[in-house]
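Data from run-v7.txt: compact mmCIF, N, CA and C atoms
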```txt
# COMPACT_ATOMS: atom_id res chain seq x y z
N GLN A 1 -4.25 -11.59 51.36
CA GLN A 1 -5.56 -11.11 51.02
C GLN A 1 -5.50 -10.25 49.73
N GLN A 2 -4.48 -9.42 49.61
CA GLN A 2 -4.33 -8.59 48.42
C GLN A 2 -4.07 -9.46 47.20
N GLN A 3 -3.29 -10.50 47.38
CA GLN A 3 -3.00 -11.42 46.28
C GLN A 3 -4.28 -12.15 45.85
N GLN A 4 -5.11 -12.49 46.79
CA GLN A 4 -6.38 -13.16 46.49
C GLN A 4 -7.31 -12.22 45.72
N GLN A 5 -7.32 -10.93 46.07
CA GLN A 5 -8.14 -9.96 45.35
C GLN A 5 -7.65 -9.80 43.91
N GLN A 6 -6.33 -9.80 43.71
CA GLN A 6 -5.78 -9.70 42.36
C GLN A 6 -6.17 -10.90 41.52
N GLN A 7 -6.13 -12.09 42.09
CA GLN A 7 -6.52 -13.30 41.37
C GLN A 7 -8.00 -13.24 40.98
N GLU A 8 -8.84 -12.75 41.90
CA GLU A 8 -10.27 -12.63 41.60
C GLU A 8 -10.51 -11.64 40.47
N GLN A 9 -9.76 -10.53 40.47
CA GLN A 9 -9.90 -9.54 39.40
C GLN A 9 -9.47 -10.12 38.06
N GLN A 10 -8.39 -10.90 38.04
CA GLN A 10 -7.93 -11.52 36.81
C GLN A 10 -8.96 -12.51 36.28
N GLN A 11 -9.56 -13.27 37.18
CA GLN A 11 -10.57 -14.23 36.76
C GLN A 11 -11.80 -13.54 36.21
N GLN A 12 -12.17 -12.40 36.80
CA GLN A 12 -13.33 -11.67 36.32
C GLN A 12 -13.05 -11.03 34.97
N SER A 13 -11.82 -10.56 34.74
CA SER A 13 -11.50 -9.89 33.48
C SER A 13 -11.33 -10.88 32.34
N GLN A 14 -10.96 -12.12 32.64
CA GLN A 14 -10.79 -13.12 31.59
C GLN A 14 -12.14 -13.78 31.31
N PRO A 15 -12.42 -14.04 30.03
CA PRO A 15 -13.68 -14.72 29.70
C PRO A 15 -13.64 -16.17 30.19
N GLU A 16 -14.80 -16.71 30.43
CA GLU A 16 -14.90 -18.09 30.89
C GLU A 16 -14.56 -19.02 29.74
N LEU A 17 -13.61 -19.92 29.98
CA LEU A 17 -13.16 -20.84 28.93
C LEU A 17 -14.11 -22.03 28.86
N THR A 18 -14.58 -22.33 27.66
CA THR A 18 -15.53 -23.42 27.50
C THR A 18 -15.06 -24.37 26.41
N GLU A 19 -15.58 -25.57 26.44
CA GLU A 19 -15.23 -26.61 25.47
C GLU A 19 -15.95 -26.44 24.14
N ASP A 20 -17.14 -25.82 24.15
CA ASP A 20 -17.95 -25.78 22.93
C ASP A 20 -17.66 -24.57 22.04
N LYS A 21 -16.73 -23.73 22.42
CA LYS A 21 -16.36 -22.56 21.61
C LYS A 21 -15.15 -22.92 20.74
N PRO A 22 -14.94 -22.20 19.65
CA PRO A 22 -13.74 -22.45 18.85
C PRO A 22 -12.48 -22.29 19.70
N PHE A 23 -11.47 -23.12 19.42
CA PHE A 23 -10.29 -23.23 20.26
C PHE A 23 -9.59 -21.89 20.46
N PHE A 24 -9.38 -21.11 19.37
CA PHE A 24 -8.63 -19.87 19.47
C PHE A 24 -9.52 -18.64 19.66
N SER A 25 -10.82 -18.82 19.89
CA SER A 25 -11.68 -17.66 20.15
C SER A 25 -11.40 -17.15 21.56
N GLU A 26 -11.96 -15.99 21.92
CA GLU A 26 -11.71 -15.43 23.25
C GLU A 26 -12.22 -16.35 24.36
N GLU A 27 -13.30 -17.09 24.10
CA GLU A 27 -13.85 -17.99 25.10
C GLU A 27 -13.27 -19.39 25.00
N GLY A 28 -12.50 -19.68 23.96
CA GLY A 28 -11.94 -21.02 23.75
C GLY A 28 -10.75 -21.30 24.62
N ARG A 29 -10.37 -22.58 24.68
CA ARG A 29 -9.27 -23.00 25.55
C ARG A 29 -7.93 -22.50 25.04
N GLY A 30 -7.80 -22.19 23.78
CA GLY A 30 -6.52 -21.76 23.23
C GLY A 30 -6.33 -20.27 23.17
N SER A 31 -7.21 -19.51 23.80
CA SER A 31 -7.11 -18.05 23.70
C SER A 31 -5.81 -17.53 24.31
N GLN A 32 -5.41 -18.04 25.44
CA GLN A 32 -4.16 -17.60 26.07
C GLN A 32 -2.95 -18.07 25.27
N THR A 33 -3.02 -19.25 24.70
CA THR A 33 -1.93 -19.76 23.87
C THR A 33 -1.71 -18.85 22.67
N LEU A 34 -2.79 -18.43 22.07
CA LEU A 34 -2.70 -17.54 20.92
C LEU A 34 -2.03 -16.23 21.30
N LEU A 35 -2.41 -15.67 22.45
CA LEU A 35 -1.82 -14.41 22.87
C LEU A 35 -0.34 -14.56 23.23
N GLN A 36 0.05 -15.71 23.76
CA GLN A 36 1.43 -15.90 24.20
C GLN A 36 2.36 -16.25 23.04
N GLN A 37 1.88 -16.97 22.02
CA GLN A 37 2.76 -17.48 20.98
C GLN A 37 2.59 -16.79 19.64
N SER A 38 1.60 -15.99 19.46
CA SER A 38 1.34 -15.39 18.17
C SER A 38 2.30 -14.25 17.86
N VAL A 39 2.64 -14.10 16.58
CA VAL A 39 3.46 -12.97 16.16
C VAL A 39 2.65 -11.69 16.18
N PHE A 40 1.32 -11.81 16.28
CA PHE A 40 0.43 -10.65 16.30
C PHE A 40 0.04 -10.25 17.71
N ARG A 41 0.72 -10.77 18.73
CA ARG A 41 0.30 -10.51 20.11
C ARG A 41 0.47 -9.05 20.48
N ASP A 42 1.47 -8.39 19.93
CA ASP A 42 1.66 -6.97 20.20
C ASP A 42 1.15 -6.21 19.00
N ASP A 43 -0.01 -5.62 19.15
CA ASP A 43 -0.64 -4.90 18.05
C ASP A 43 0.07 -3.56 17.87
N LYS A 44 0.97 -3.50 16.88
CA LYS A 44 1.74 -2.29 16.65
C LYS A 44 1.38 -1.70 15.29
N ASP A 45 1.52 -0.42 15.19
CA ASP A 45 1.28 0.27 13.93
C ASP A 45 2.64 0.56 13.29
N TYR A 46 2.94 -0.16 12.21
CA TYR A 46 4.24 -0.04 11.56
C TYR A 46 4.23 0.97 10.42
N ARG A 47 3.13 1.64 10.16
CA ARG A 47 3.05 2.55 9.02
C ARG A 47 3.96 3.75 9.16
N ASP A 48 4.25 4.18 10.38
CA ASP A 48 5.09 5.37 10.58
C ASP A 48 6.54 5.03 10.88
N ASN A 49 6.92 3.77 10.75
CA ASN A 49 8.29 3.36 11.01
C ASN A 49 9.18 3.88 9.88
N PRO A 50 10.16 4.76 10.18
CA PRO A 50 11.00 5.33 9.11
C PRO A 50 11.85 4.27 8.40
N PHE A 51 12.18 3.18 9.09
CA PHE A 51 12.97 2.12 8.47
C PHE A 51 12.22 1.44 7.33
N LEU A 52 10.90 1.35 7.47
CA LEU A 52 10.09 0.66 6.47
C LEU A 52 9.59 1.57 5.36
N LYS A 53 9.84 2.85 5.45
CA LYS A 53 9.38 3.80 4.42
C LYS A 53 10.27 3.67 3.19
N LEU A 54 9.65 3.70 2.02
CA LEU A 54 10.40 3.68 0.77
C LEU A 54 10.77 5.10 0.37
N PRO A 55 11.94 5.28 -0.21
CA PRO A 55 12.22 6.62 -0.74
C PRO A 55 11.27 6.92 -1.89
N PRO A 56 10.95 8.19 -2.11
CA PRO A 56 9.97 8.53 -3.14
C PRO A 56 10.32 7.99 -4.53
N LYS A 57 11.60 7.88 -4.86
CA LYS A 57 11.96 7.39 -6.19
C LYS A 57 11.67 5.89 -6.34
N ASP A 58 11.58 5.15 -5.23
CA ASP A 58 11.30 3.72 -5.27
C ASP A 58 9.85 3.39 -4.93
N ASP A 59 9.02 4.37 -4.79
CA ASP A 59 7.62 4.15 -4.45
C ASP A 59 6.91 3.45 -5.61
N PRO A 60 6.40 2.23 -5.40
CA PRO A 60 5.79 1.49 -6.51
C PRO A 60 4.51 2.13 -7.05
N SER A 61 3.88 2.99 -6.26
CA SER A 61 2.64 3.60 -6.73
C SER A 61 2.88 4.63 -7.82
N THR A 62 4.14 5.00 -8.06
CA THR A 62 4.43 5.95 -9.14
C THR A 62 4.89 5.27 -10.42
N SER A 63 5.05 3.95 -10.40
CA SER A 63 5.46 3.25 -11.62
C SER A 63 4.24 2.86 -12.43
N TRP A 64 4.44 2.39 -13.65
CA TRP A 64 3.35 2.22 -14.60
C TRP A 64 2.16 1.41 -14.10
N PRO A 65 2.32 0.21 -13.63
CA PRO A 65 1.10 -0.53 -13.29
C PRO A 65 0.34 0.05 -12.12
N TYR A 66 0.95 0.85 -11.29
CA TYR A 66 0.33 1.32 -10.06
C TYR A 66 -0.23 2.73 -10.16
N ARG A 67 0.15 3.47 -11.14
CA ARG A 67 -0.27 4.87 -11.13
C ARG A 67 -1.69 5.07 -11.66
N GLY A 68 -2.28 4.03 -12.18
CA GLY A 68 -3.64 4.14 -12.67
C GLY A 68 -3.69 4.50 -14.14
N PHE A 69 -4.85 4.33 -14.73
CA PHE A 69 -5.05 4.63 -16.14
C PHE A 69 -5.82 5.93 -16.28
N ASP A 70 -5.48 6.70 -17.30
CA ASP A 70 -6.27 7.90 -17.56
C ASP A 70 -7.58 7.46 -18.22
N HIS A 71 -8.54 8.36 -18.29
CA HIS A 71 -9.88 8.00 -18.74
C HIS A 71 -9.92 7.66 -20.23
N ALA A 72 -9.08 8.28 -21.03
CA ALA A 72 -9.05 7.96 -22.46
C ALA A 72 -8.57 6.53 -22.69
N THR A 73 -7.55 6.13 -21.96
CA THR A 73 -7.05 4.76 -22.06
C THR A 73 -8.10 3.78 -21.58
N LEU A 74 -8.80 4.12 -20.52
CA LEU A 74 -9.85 3.23 -20.01
C LEU A 74 -10.98 3.07 -21.02
N ASP A 75 -11.32 4.12 -21.76
CA ASP A 75 -12.36 4.01 -22.78
C ASP A 75 -11.93 3.03 -23.87
N ARG A 76 -10.68 3.10 -24.28
CA ARG A 76 -10.18 2.15 -25.30
C ARG A 76 -10.18 0.72 -24.77
N LEU A 77 -9.71 0.54 -23.54
CA LEU A 77 -9.69 -0.80 -22.96
C LEU A 77 -11.10 -1.34 -22.75
N ALA A 78 -12.03 -0.48 -22.42
CA ALA A 78 -13.42 -0.92 -22.24
C ALA A 78 -14.00 -1.40 -23.56
N SER A 79 -13.70 -0.70 -24.64
CA SER A 79 -14.20 -1.12 -25.95
C SER A 79 -13.64 -2.47 -26.34
N ILE A 80 -12.37 -2.68 -26.08
CA ILE A 80 -11.74 -3.97 -26.40
C ILE A 80 -12.34 -5.07 -25.52
N SER A 81 -12.58 -4.75 -24.26
CA SER A 81 -13.08 -5.75 -23.32
C SER A 81 -14.49 -6.23 -23.66
N VAL A 82 -15.35 -5.35 -24.15
CA VAL A 82 -16.73 -5.74 -24.44
C VAL A 82 -16.92 -6.21 -25.88
N ALA A 83 -15.88 -6.15 -26.70
CA ALA A 83 -16.02 -6.51 -28.11
C ALA A 83 -16.43 -7.97 -28.30
N GLY A 84 -15.91 -8.87 -27.50
CA GLY A 84 -16.26 -10.29 -27.63
C GLY A 84 -17.73 -10.54 -27.32
N VAL A 85 -18.23 -9.89 -26.29
CA VAL A 85 -19.64 -10.04 -25.92
C VAL A 85 -20.53 -9.48 -27.03
N CYS A 86 -20.14 -8.33 -27.57
CA CYS A 86 -20.94 -7.72 -28.64
C CYS A 86 -20.93 -8.58 -29.90
N ALA A 87 -19.78 -9.15 -30.24
CA ALA A 87 -19.71 -10.04 -31.41
C ALA A 87 -20.58 -11.27 -31.21
N GLU A 88 -20.61 -11.78 -30.02
CA GLU A 88 -21.46 -12.95 -29.72
C GLU A 88 -22.94 -12.58 -29.82
N ILE A 89 -23.29 -11.40 -29.40
CA ILE A 89 -24.69 -10.96 -29.51
C ILE A 89 -25.08 -10.83 -30.98
N LEU A 90 -24.21 -10.26 -31.78
CA LEU A 90 -24.51 -10.10 -33.21
C LEU A 90 -24.58 -11.45 -33.91
N ALA A 91 -23.72 -12.38 -33.55
CA ALA A 91 -23.68 -13.68 -34.24
C ALA A 91 -24.80 -14.61 -33.80
N PHE A 92 -25.12 -14.65 -32.52
CA PHE A 92 -26.06 -15.64 -32.00
C PHE A 92 -27.31 -15.04 -31.39
N GLY A 93 -27.38 -13.75 -31.25
CA GLY A 93 -28.56 -13.11 -30.67
C GLY A 93 -28.52 -13.01 -29.16
N THR A 94 -27.60 -13.68 -28.53
CA THR A 94 -27.45 -13.62 -27.08
C THR A 94 -26.00 -13.88 -26.73
N ALA A 95 -25.61 -13.49 -25.54
CA ALA A 95 -24.24 -13.71 -25.09
C ALA A 95 -24.27 -14.56 -23.82
N GLU A 96 -23.57 -15.67 -23.87
CA GLU A 96 -23.52 -16.57 -22.71
C GLU A 96 -22.32 -16.25 -21.82
N GLY A 97 -21.20 -15.89 -22.40
CA GLY A 97 -19.98 -15.64 -21.63
C GLY A 97 -19.79 -14.16 -21.36
N GLY A 98 -18.58 -13.81 -21.06
CA GLY A 98 -18.24 -12.42 -20.88
C GLY A 98 -18.13 -11.96 -19.45
N TYR A 99 -18.45 -12.85 -18.49
CA TYR A 99 -18.37 -12.43 -17.10
C TYR A 99 -16.95 -12.05 -16.73
N ALA A 100 -15.98 -12.86 -17.15
CA ALA A 100 -14.57 -12.57 -16.83
C ALA A 100 -14.13 -11.25 -17.45
N ASP A 101 -14.63 -10.97 -18.66
CA ASP A 101 -14.27 -9.70 -19.32
C ASP A 101 -14.78 -8.51 -18.52
N PHE A 102 -16.02 -8.60 -18.05
CA PHE A 102 -16.58 -7.49 -17.27
C PHE A 102 -15.93 -7.37 -15.90
N ALA A 103 -15.57 -8.50 -15.29
CA ALA A 103 -14.88 -8.45 -14.00
C ALA A 103 -13.50 -7.80 -14.16
N GLN A 104 -12.81 -8.15 -15.24
CA GLN A 104 -11.51 -7.55 -15.49
C GLN A 104 -11.65 -6.06 -15.79
N LEU A 105 -12.70 -5.70 -16.50
CA LEU A 105 -12.94 -4.30 -16.80
C LEU A 105 -13.21 -3.50 -15.52
N ARG A 106 -13.95 -4.08 -14.59
CA ARG A 106 -14.20 -3.41 -13.31
C ARG A 106 -12.89 -3.17 -12.56
N GLU A 107 -11.99 -4.15 -12.60
CA GLU A 107 -10.70 -3.98 -11.95
C GLU A 107 -9.91 -2.85 -12.59
N LEU A 108 -9.97 -2.77 -13.91
CA LEU A 108 -9.28 -1.68 -14.60
C LEU A 108 -9.88 -0.33 -14.21
N PHE A 109 -11.20 -0.27 -14.12
CA PHE A 109 -11.85 0.98 -13.74
C PHE A 109 -11.47 1.41 -12.32
N GLN A 110 -11.22 0.45 -11.46
CA GLN A 110 -10.86 0.79 -10.09
C GLN A 110 -9.45 1.37 -9.99
N SER A 111 -8.65 1.17 -11.03
CA SER A 111 -7.31 1.76 -11.02
C SER A 111 -7.28 3.06 -11.81
N ALA A 112 -8.44 3.66 -12.05
CA ALA A 112 -8.51 4.90 -12.81
C ALA A 112 -7.96 6.06 -12.00
N GLU A 113 -7.42 7.01 -12.73
CA GLU A 113 -6.91 8.21 -12.09
C GLU A 113 -7.37 9.42 -12.87
N PRO A 114 -8.21 10.26 -12.42
CA PRO A 114 -8.88 10.29 -11.11
C PRO A 114 -9.91 9.16 -10.99
N GLU A 115 -10.26 8.82 -9.76
CA GLU A 115 -11.12 7.68 -9.49
C GLU A 115 -12.50 7.86 -10.10
N LEU A 116 -13.11 6.72 -10.44
CA LEU A 116 -14.47 6.70 -10.97
C LEU A 116 -15.40 6.14 -9.91
N ASP A 117 -16.59 6.72 -9.78
CA ASP A 117 -17.58 6.14 -8.88
C ASP A 117 -18.34 5.04 -9.63
N GLU A 118 -19.21 4.35 -8.93
CA GLU A 118 -19.93 3.21 -9.51
C GLU A 118 -20.79 3.62 -10.70
N GLY A 119 -21.45 4.76 -10.61
CA GLY A 119 -22.28 5.24 -11.72
C GLY A 119 -21.46 5.55 -12.96
N ALA A 120 -20.30 6.16 -12.76
CA ALA A 120 -19.43 6.47 -13.90
C ALA A 120 -18.91 5.20 -14.55
N MET A 121 -18.61 4.17 -13.76
CA MET A 121 -18.18 2.88 -14.32
C MET A 121 -19.29 2.29 -15.17
N ASP A 122 -20.52 2.28 -14.64
CA ASP A 122 -21.65 1.73 -15.40
C ASP A 122 -21.88 2.50 -16.69
N ASN A 123 -21.77 3.82 -16.63
CA ASN A 123 -21.97 4.62 -17.84
C ASN A 123 -20.89 4.34 -18.89
N ARG A 124 -19.66 4.15 -18.46
CA ARG A 124 -18.60 3.84 -19.42
C ARG A 124 -18.80 2.46 -20.04
N ILE A 125 -19.30 1.52 -19.27
CA ILE A 125 -19.59 0.19 -19.83
C ILE A 125 -20.73 0.30 -20.84
N ARG A 126 -21.78 1.02 -20.51
CA ARG A 126 -22.90 1.19 -21.44
C ARG A 126 -22.44 1.87 -22.73
N TYR A 127 -21.65 2.91 -22.59
CA TYR A 127 -21.15 3.62 -23.77
C TYR A 127 -20.31 2.67 -24.63
N SER A 128 -19.44 1.88 -23.99
CA SER A 128 -18.59 0.97 -24.74
C SER A 128 -19.42 -0.08 -25.47
N LEU A 129 -20.46 -0.60 -24.82
CA LEU A 129 -21.33 -1.58 -25.48
C LEU A 129 -21.99 -0.96 -26.72
N GLY A 130 -22.52 0.23 -26.58
CA GLY A 130 -23.17 0.90 -27.71
C GLY A 130 -22.19 1.22 -28.82
N PHE A 131 -21.02 1.73 -28.46
CA PHE A 131 -20.02 2.09 -29.45
C PHE A 131 -19.55 0.86 -30.23
N VAL A 132 -19.24 -0.21 -29.52
CA VAL A 132 -18.73 -1.42 -30.16
C VAL A 132 -19.81 -2.08 -31.01
N MET A 133 -21.05 -2.10 -30.53
CA MET A 133 -22.14 -2.66 -31.35
C MET A 133 -22.26 -1.88 -32.65
N GLY A 134 -22.19 -0.57 -32.58
CA GLY A 134 -22.25 0.26 -33.78
C GLY A 134 -21.09 -0.01 -34.73
N GLN A 135 -19.90 -0.13 -34.19
CA GLN A 135 -18.73 -0.39 -35.03
C GLN A 135 -18.79 -1.77 -35.66
N LEU A 136 -19.23 -2.76 -34.90
CA LEU A 136 -19.32 -4.12 -35.46
C LEU A 136 -20.42 -4.22 -36.52
N ARG A 137 -21.54 -3.54 -36.31
CA ARG A 137 -22.59 -3.53 -37.34
C ARG A 137 -22.10 -2.82 -38.59
N ARG A 138 -21.38 -1.75 -38.39
CA ARG A 138 -20.86 -0.98 -39.53
C ARG A 138 -19.87 -1.80 -40.35
N HIS A 139 -19.07 -2.62 -39.68
CA HIS A 139 -18.05 -3.42 -40.36
C HIS A 139 -18.38 -4.92 -40.24
N LEU A 140 -19.63 -5.26 -40.44
CA LEU A 140 -20.09 -6.64 -40.29
C LEU A 140 -19.39 -7.59 -41.26
N GLY A 141 -19.08 -7.10 -42.45
CA GLY A 141 -18.38 -7.94 -43.42
C GLY A 141 -17.00 -8.35 -42.91
N ALA A 142 -16.30 -7.41 -42.32
CA ALA A 142 -14.98 -7.73 -41.78
C ALA A 142 -15.10 -8.71 -40.62
N LEU A 143 -16.15 -8.58 -39.80
CA LEU A 143 -16.36 -9.50 -38.71
C LEU A 143 -16.64 -10.91 -39.22
N ASP A 144 -17.45 -11.02 -40.28
CA ASP A 144 -17.74 -12.34 -40.87
C ASP A 144 -16.47 -12.99 -41.40
N GLU A 145 -15.62 -12.20 -42.05
CA GLU A 145 -14.37 -12.77 -42.57
C GLU A 145 -13.43 -13.17 -41.44
N LEU A 146 -13.46 -12.41 -40.36
CA LEU A 146 -12.60 -12.72 -39.22
C LEU A 146 -13.00 -14.02 -38.57
N VAL A 147 -14.31 -14.25 -38.47
CA VAL A 147 -14.81 -15.46 -37.82
C VAL A 147 -14.63 -16.60 -38.77
```

Kindly present the structure from the file in structure tokens form.
Amino acid sequence: QQQQQQQEQQQQSQPELTEDKPFFSEEGRGSQTLLQQSVFRDDKDYRDNPFLKLPPKDDPSTSWPYRGFDHATLDRLASISVAGVCAEILAFGTAEGGYADFAQLRELFQSAEPELDEGAMDNRIRYSLGFVMGQLRRHLGALDELV
């Protein structure tokens, strides 16, 4: 009788398996297979494992690509990044491309140190557009010779 009660409790705790649900979902037929064979079956937190900790001298976040860019460097990179779009606007009156340049610029801004919020990123892009447009207008002859 006690064994029968345990079986009933197990059946109540397990979701009803159906054919119309995705195979590996909780209600699918493969839910138990996933729990038995998956490498993720034991949800462990490995962040505090001392074996997996890097010594501070080998921490990649302190090396050049990971430590972030200072704001002065980001201003220079932003000007370079928007220069193509600005040149296209001056030459043709409109810019068709430049999406990849702005996406790359956003990624650079996200690695800023100290961090920039969304408004600060937008303001730096606006400033760069204005600065580069002014510089290209000022040196329009050099731009014509370059093209």

Which residue out of A:Gln2, A:Gln110, A:Gln135, A:Asn123 has the minimum interatomic distance to Phe69 of chain A when only C-alpha atoms are used?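 Closest candidate: A:Gln110.
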
_Interatomic distance (Å, one decimal) between atom CA of Leu77 of chain A and atom CA of Arg106 of chain A_ =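 Distance between the two atoms: 11.0 Å.
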
- Task: Figure out the distance between atom CA of Leu136 of chain A and atom CA of Ala72 of chain A, please, to one decimal in Å.
- Result: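 Computing the Euclidean distance for atom CA of Ala72 of chain A and atom CA of Leu136 of chain A yields 20.5 Å.
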
Would you mind listing what lies within 12 Å of Asp122 of chain A as JSON, numbers by chain, with only C-alpha atoms counted and same-chain residues fewer than 3 positions away left out? {"A": [78, 102, 105, 106, 109, 116, 117, 118, 119, 125, 126, 127, 128, 129]}

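Take the candidates A:Pro114, A:Glu27, A:Ala95, A:Val132 and check each one against Ser79 of chain A using only C-alpha atoms; the shortest distance goes to A:Val132.
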
### Message
One decimal, in Å: what's the spacing between atom CA of Ile89 of chain A and atom CA of Arg124 of chain A?
### Response
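About the pair atom CA of Ile89 of chain A and atom CA of Arg124 of chain A: they are 18.9 Å apart.
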